[in-house]
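Down below is the structure, laid out as C-alpha cells.
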Amino acid sequence: MKISKIRLLTIFMLFLVISLSLSPFALAKTRKTYLSDFLLDNFIDDEGFSNCNREEYREDSDEVSYEATAYALEILGGYNLLEQKDLFGKVEKSYNSSDLQEDLEKTLDSMYGSGFEDIYDTYYILKSLEDMDVEIDGTLALQIKLYLDATAQSNGGFAGTDTSTSATLISTYFALQIYDLLDQPLPDPRGFILSCGNPDDGGYGGDPTSSSTIANTYYAILIMDFLDDFGALISESATIDYLNQFYVDDENDEDNYGGYLPDLINAKYALLSSTYYCLKAISLLDKDEIEDEDATSEWLLDRQNFQDGGFVDQSEGYEQKFSSVISTYFALEALDLLGKEDLLEEKVFMLEWEWYDWLIFCIILIALIALAIIGIYIRRKRRL
C-alpha cells in the first residue's frame with residue numbers, strides 16, 4: 001500500500017517536533033565539565049580570577065580575588081585545563097601564563113613597597129605562584145619575612161597586621177604557611193594554639209578568650225597537622241564530637257540533610273564552607289568518625305548550580321543564585337575527602353540556553369506543529 005506525500009510530510013513534521021523537543025537534553029555534559037567552564041569564565045585577562053563572574057555580585061566588576069585565583073589554579077591544574085587549545089593543538093589561551101605570573105609578582109611587590117601589606121592576600125598570591133613553579137626570593141622575600149616577624153606576639157601567636165597586638169588562630173595559620181612557602185624557619189605556636197582550646201566543648205576559639213567556632217577549630221587542627229603534633233590538642237575525641245554535632249541527620253530536612261551547619265543557634269542552612277571545615281578536620285583526626293558519607297556526598301552534589309555550573313550555598317532571598325569559586329573549591333575538596341570525586345564524571349543536563357534561545361526554539365516548534373496540523377487538514381479535505 002502506497003503512503004501518500006501528505007502522510008510522509010506529516011510523519012516528517014512530527015519527527016522534527018519530537019527531535020527538537022528532545023534537543024536540549026543533548027546538552028548534557030559531565031559535572032566536571034560544567035564546573036570547569038564556570039572556573040574559566042571567571043578568568044580576568046591575565047590578572048587572576050574573580051570569585052563570581054556575575055558583575056552584579058561583585059563589588060567591582062574587574063575585581064580579582066587572590067583566594068579564588070589560588071583555588072582556580074589548583075583545580076584547573078588538577079584537571080589539566082590550564083591551557084585552551086584550538087582544533088590543531090595550538091594554545092589559544094593559558095591560565096598559567098607568564099603574564100599572570102608577572103602580574104601577581106608585581107602585586108606582591110607593590111603591597112610591600114607601599115605599606116598596604118595583607119597577610120591573607122600574601123599567602124594566596126604565594127600559593128598561586130608556587131602552583132606556577134615560581135619562588136619568591138631576594139629583597140621581596142626578606143620584606144615579607146620581616147613583616148611576619150613584626151606580627152609575632154609574645155604568646156606564640158601572630159596578629160593579622162604588624163600594628164596589632166592581638167594574635168588570632170587564623171592569622172597564625174597563615175603566618176606559618178607563608179614562612180614555609182618562603183622556606184624560612186618555622187616558629188613554634190603550639191602553646192598559643194593550646195590556649196585557644198575550650199575543654200568544655202572540645203572546640204577552639206580565635207584567641208584564648210573566645211568561644212569555639214568551626215572555622216577556628218579547623219585551623220587549629222590544620223596547624224597541629226602541619227606541625228605533626230596532634231598530641232598537643234586538648235582532646236581528639238572531644239574535638240570530633242564538637243564538630244559532629246553540626247551534622248544534620250534529619251532525613252526530613254531536605255535542604256540540609258547530609259551537610260554541616262555553621263552554628264547551632266542561628267543557622268538555617270548548612271554551608272559548603274562549614275561542611276568542608278568539619279569534614280577536613282574530622283578526617284585528619286579520625287576518618288572513620290565521619291558521619292554518613294553517602295548522604296553528605298548527595299548533599300554536596302545538590303549544591304551544584306544549574307545556572308552556571310559552579311557550586312552555591314542555599315540561602316534566603318534572591319531566587320536566582322550564582323556560584324562562587326571559593327564555594328566550588330570547598331565542594332570539590334569535600335568530595336575528594338569522601339572519595340567521591342568520581343561522581344563528577346556523571347553526565348547531567350543543565351539549562352544553558354539564554355531567553356532568546358528558548359524564544360527561537362518555541363517559535364520553530366509552534367511553526368512545525370502548525371505545519372503538521374495544516375498537512376493533516378489538507379489530507380482529510382482531499383478525502384471528502
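Each chain in the C-alpha cells gets a letter, A, B and so on, in the order shown; residues start at 1 in every chain, and ligands are counted from 1 in the order they appear.
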Next on the checklist: Taking 4 positions as the minimum chain separation for residues in the same chain, which residues sit within 10 Å of Tyr123 of chain A when counting only C-alpha atoms? Answer as a list in words.
Outcome noted: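 Residues meeting the cut-off are Tyr66, Glu67, Ala70, Asp118, Ile119, Lys127, Ser128, Leu129, Phe174, Ala175, Leu176, Gln177, Ile178, Tyr179 and Leu181 of chain A.
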Next on the checklist: Run DSSP on the backbone and tell me which residues of segment 223-377 of chain A come out as helix (DSSP H, G or I); list them as a VMD selection string.
Outcome noted: chain A and resid 223 to 226 230 to 232 236 to 244 272 to 289 293 to 302 325 to 337 341 to 345 355 to 377
Please identify all polymer residues within 12 Å of Phe226 of chain A, counting only C-alpha atoms, omitting same-chain residues fewer than 5 positions from it, and present them as a PDB file with N, CA and C atoms, in the first residue's frame.
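Contents of the output file result_23.pdb:
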ATOM      1  N   TYR A 173      47.888  30.621  61.520  1.00  0.00           N
ATOM      2  CA  TYR A 173      47.968  29.594  60.483  1.00  0.00           C
ATOM      3  C   TYR A 173      48.568  30.163  59.204  1.00  0.00           C
ATOM      4  N   PHE A 174      48.068  31.324  58.765  1.00  0.00           N
ATOM      5  CA  PHE A 174      48.564  31.905  57.520  1.00  0.00           C
ATOM      6  C   PHE A 174      50.029  32.322  57.649  1.00  0.00           C
ATOM      7  N   LEU A 176      52.327  30.837  59.464  1.00  0.00           N
ATOM      8  CA  LEU A 176      53.119  29.610  59.353  1.00  0.00           C
ATOM      9  C   LEU A 176      53.250  29.159  57.900  1.00  0.00           C
ATOM     10  N   GLN A 177      52.145  29.240  57.168  1.00  0.00           N
ATOM     11  CA  GLN A 177      52.168  28.817  55.770  1.00  0.00           C
ATOM     12  C   GLN A 177      53.094  29.702  54.935  1.00  0.00           C
ATOM     13  N   ASP A 180      56.675  28.880  55.525  1.00  0.00           N
ATOM     14  CA  ASP A 180      57.007  27.640  54.835  1.00  0.00           C
ATOM     15  C   ASP A 180      57.194  27.867  53.332  1.00  0.00           C
ATOM     16  N   LEU A 186      60.473  27.739  60.881  1.00  0.00           N
ATOM     17  CA  LEU A 186      59.119  27.863  61.410  1.00  0.00           C
ATOM     18  C   LEU A 186      59.140  28.175  62.901  1.00  0.00           C
ATOM     19  N   ASP A 188      57.282  28.230  66.723  1.00  0.00           N
ATOM     20  CA  ASP A 188      56.522  27.198  67.429  1.00  0.00           C
ATOM     21  C   ASP A 188      55.329  27.847  68.156  1.00  0.00           C
ATOM     22  N   PRO A 189      54.113  27.756  67.555  1.00  0.00           N
ATOM     23  CA  PRO A 189      52.948  28.405  68.163  1.00  0.00           C
ATOM     24  C   PRO A 189      52.098  27.448  69.005  1.00  0.00           C
ATOM     25  N   ARG A 190      52.607  26.258  69.342  1.00  0.00           N
ATOM     26  CA  ARG A 190      51.774  25.251  69.985  1.00  0.00           C
ATOM     27  C   ARG A 190      51.182  25.714  71.311  1.00  0.00           C
ATOM     28  N   TYR A 219      41.196  25.446  61.733  1.00  0.00           N
ATOM     29  CA  TYR A 219      42.552  25.964  61.574  1.00  0.00           C
ATOM     30  C   TYR A 219      43.487  25.454  62.677  1.00  0.00           C
ATOM     31  N   ALA A 220      42.959  25.239  63.877  1.00  0.00           N
ATOM     32  CA  ALA A 220      43.781  24.677  64.952  1.00  0.00           C
ATOM     33  C   ALA A 220      44.279  23.291  64.570  1.00  0.00           C
ATOM     34  N   ILE A 221      43.391  22.488  64.008  1.00  0.00           N
ATOM     35  CA  ILE A 221      43.766  21.130  63.610  1.00  0.00           C
ATOM     36  C   ILE A 221      44.729  21.161  62.423  1.00  0.00           C
ATOM     37  N   LEU A 284      41.296  14.415  59.417  1.00  0.00           N
ATOM     38  CA  LEU A 284      42.679  14.470  59.889  1.00  0.00           C
ATOM     39  C   LEU A 284      42.832  13.765  61.239  1.00  0.00           C
TER      40      LEU A 284
END
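The space separating atom CA of Asp225 of chain A from atom CA of Glu333 of chain A comes to 17.2 Å.
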Checklist entry - Taking into account only C-alpha atoms, which residue in the set A:Thr275, A:Asn80, A:Gln101, A:Ser315 is nearest to Asp46 of chain A? => result A:Gln101
Checklist entry - Between A:Ile193, A:Leu182, A:Met111, A:Leu338, which has the minimum distance to Asp137 of chain A (counting only C-alpha atoms)? => result A:Leu182
Checklist entry - Could you name the residues that touch Asp109 of chain A at 12 Å or less, counting only C-alpha atoms, but leaving out those on the same chain fewer than 3 positions away, as JSON, numbers by chain? => result {"A": [102, 103, 104, 105, 106, 112, 113, 114, 115, 116, 117, 118, 122, 125, 126, 136, 137, 138, 139, 140, 141, 142, 143, 144]}
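If only C-alpha atoms are the atoms counted, then among A:Asn244, A:Ser98, A:Ser195, A:Asn51 the closest residue to Leu39 of chain A is A:Asn51.
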Next on the checklist: Please list as number ranges by chain every residue within 12 Å of Leu344 of chain A, counting only C-alpha atoms and excluding residues in the same chain fewer than 2 positions away.
Outcome noted: A: 29-36, 79, 297-298, 300-302, 304, 309-310, 331-332, 335-336, 339-342, 346-348
Selected residues written out with C-alpha atoms, as a compact mmCIF listing (two decimals), in the first residue's frame:
# COMPACT_ATOMS: atom_id res chain seq x y z
CA LYS A 29 27.81 17.13 29.95
CA THR A 30 29.74 15.81 32.92
CA ARG A 31 29.54 17.72 36.18
CA LYS A 32 33.30 18.26 35.93
CA THR A 33 32.92 19.92 32.52
CA TYR A 34 30.26 22.29 33.79
CA LEU A 35 32.32 23.39 36.78
CA SER A 36 35.49 23.73 34.66
CA TYR A 79 42.16 18.77 35.61
CA SER A 297 28.05 13.42 49.01
CA GLU A 298 24.47 13.71 47.80
CA LEU A 300 27.22 18.34 48.09
CA LEU A 301 26.16 17.38 44.56
CA ASP A 302 22.78 19.03 45.12
CA GLN A 304 25.93 22.31 42.04
CA GLY A 309 27.94 25.05 36.65
CA GLY A 310 29.68 26.02 39.89
CA ALA A 331 32.65 21.36 47.49
CA LEU A 332 35.33 19.67 45.37
CA LEU A 335 34.00 15.27 47.67
CA ASP A 336 37.68 14.35 47.37
CA GLY A 339 36.49 9.57 47.96
CA LYS A 340 33.53 10.58 45.81
CA GLU A 341 35.29 12.66 43.17
CA ASP A 342 34.28 10.10 40.52
CA GLU A 346 28.28 11.82 35.89
CA LYS A 347 26.56 13.35 32.88
CA VAL A 348 23.77 15.74 33.77
Selection near Ser283 of chain A, 10 Å with only C-alpha atoms, sequence-local residues under 5 positions removed, as a PDB file with C-alpha atoms, in the first residue's frame:
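What ended up in selection_36.pdb:
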ATOM      1  CA  ILE A 240      35.482  15.203  66.877  1.00  0.00           C
ATOM      2  CA  TYR A 277      35.801  22.513  57.529  1.00  0.00           C
ATOM      3  CA  CYS A 278      34.153  19.776  59.583  1.00  0.00           C
ATOM      4  CA  ASP A 288      36.166   6.681  60.481  1.00  0.00           C
ATOM      5  CA  GLU A 289      34.324   9.209  62.646  1.00  0.00           C
ATOM      6  CA  ILE A 290      32.812  11.000  59.645  1.00  0.00           C
ATOM      7  CA  LEU A 337      37.913  13.765  51.131  1.00  0.00           C
ATOM      8  CA  LEU A 338      34.958  11.405  50.905  1.00  0.00           C
TER       9      LEU A 338
END
Item to check | Gap from atom CA of Val312 of chain A to atom CA of Val325 of chain A - Å, one decimal | outcome: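 Taking atom CA of Val312 of chain A and atom CA of Val325 of chain A, their separation equals 9.2 Å.
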Next on the checklist: Excluding segment 158-162 of chain A and its own-chain neighbours fewer than 4 positions away, which residues fall within 7 Å of it when counting only C-alpha atoms? Please give them as a ChimeraX atom specification.
Outcome noted: /A:119,147,150-153,166-168,171-172,175
Next on the checklist: I need the residues of segment 55-165 of chain A that end up classed as strand (DSSP E or B) by DSSP on the backbone, written out as an NGL selection string.
Outcome noted: :A and (83-85 or 91-94 or 152 or 158-159)
